[in-house]
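**Student:** There's a structure below that I have some questions on.
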Amino acid sequence: MKKIYIAGPDVFEKNSIEIGKEYCKLCEKYGFKGLYPLDNVIDFNQNKQKIAQDIFIANKNLIEECDIVVANLNSFRGKESDSGTVWECGYGFALGKKVYGYLNRKGNYINQFTKDEIILENNIAHDLDGKVIEDFDYPLNLMISCSVEKIVVGKFEDVLSLL
């Protein structure tokens, strides 16, 4: 049975354990075994940096064990996907794993910006800090968009139904 690493900022939700259990049930429904980061057993009676290192190693090991990474790439604390999730996708890609993502929105990355958040200079869009806004007709930054097999507009189960 193929294994799916379930990546995303869902681990930060108040009901993250329940979310993980639901995702793993959905994996089973589609013939996969789900690997959820919070399934790891971590000793929280250590200093914070040791806990962080243990979480990192445990999640890295799950990615190495999986066949597929399915990532929640929705914006998290801003206009970008969660940086930890993006790292997990990149690591999976580097290991030769199939990586899939999902978003709850349509459109290109630049469409997340309102007209009030864009300054045009020589027909190039810049944000209010003067930085260029990517416009490659991808829903996310080109590095993540080019490294995933497919980005689905929908939810976790919508990706599973395509595998």
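Convention: chains lettered A, B, ... in structure tokens order; per-chain residue numbering from 1; ligands numbered from 1 as shown.
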Which neighbours of stretch 126-139 of chain A fall inside 8 Å, counting only C-alpha atoms, when residues of the same chain fewer than 6 positions from it are skipped, and could you give them as a list in words?
**Tutor:**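 Final neighbour list, sorted by chain and number: Lys106, Gly107, Asn108, Tyr109, Ile110, Glu117, Ile118, Ile119, Leu120 and Ser145 of chain A.
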**Student:** If you run DSSP over the backbone, which residues in chain A end up strand (DSSP E or B)? Put them as a PyMOL selection string.
**Tutor:** chain A and resi 3-7+33-35+68-72+75+81+98-103+119-121+124-126+132+150-153
**Student:** Looking at A:Cys89, A:Ala7, A:Met1, A:Ala94, which one is nearest to A:Leu35, with distances taken over only C-alpha atoms?
**Tutor:**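 Answer, going by the shortest atom-to-atom distance: A:Ala7.
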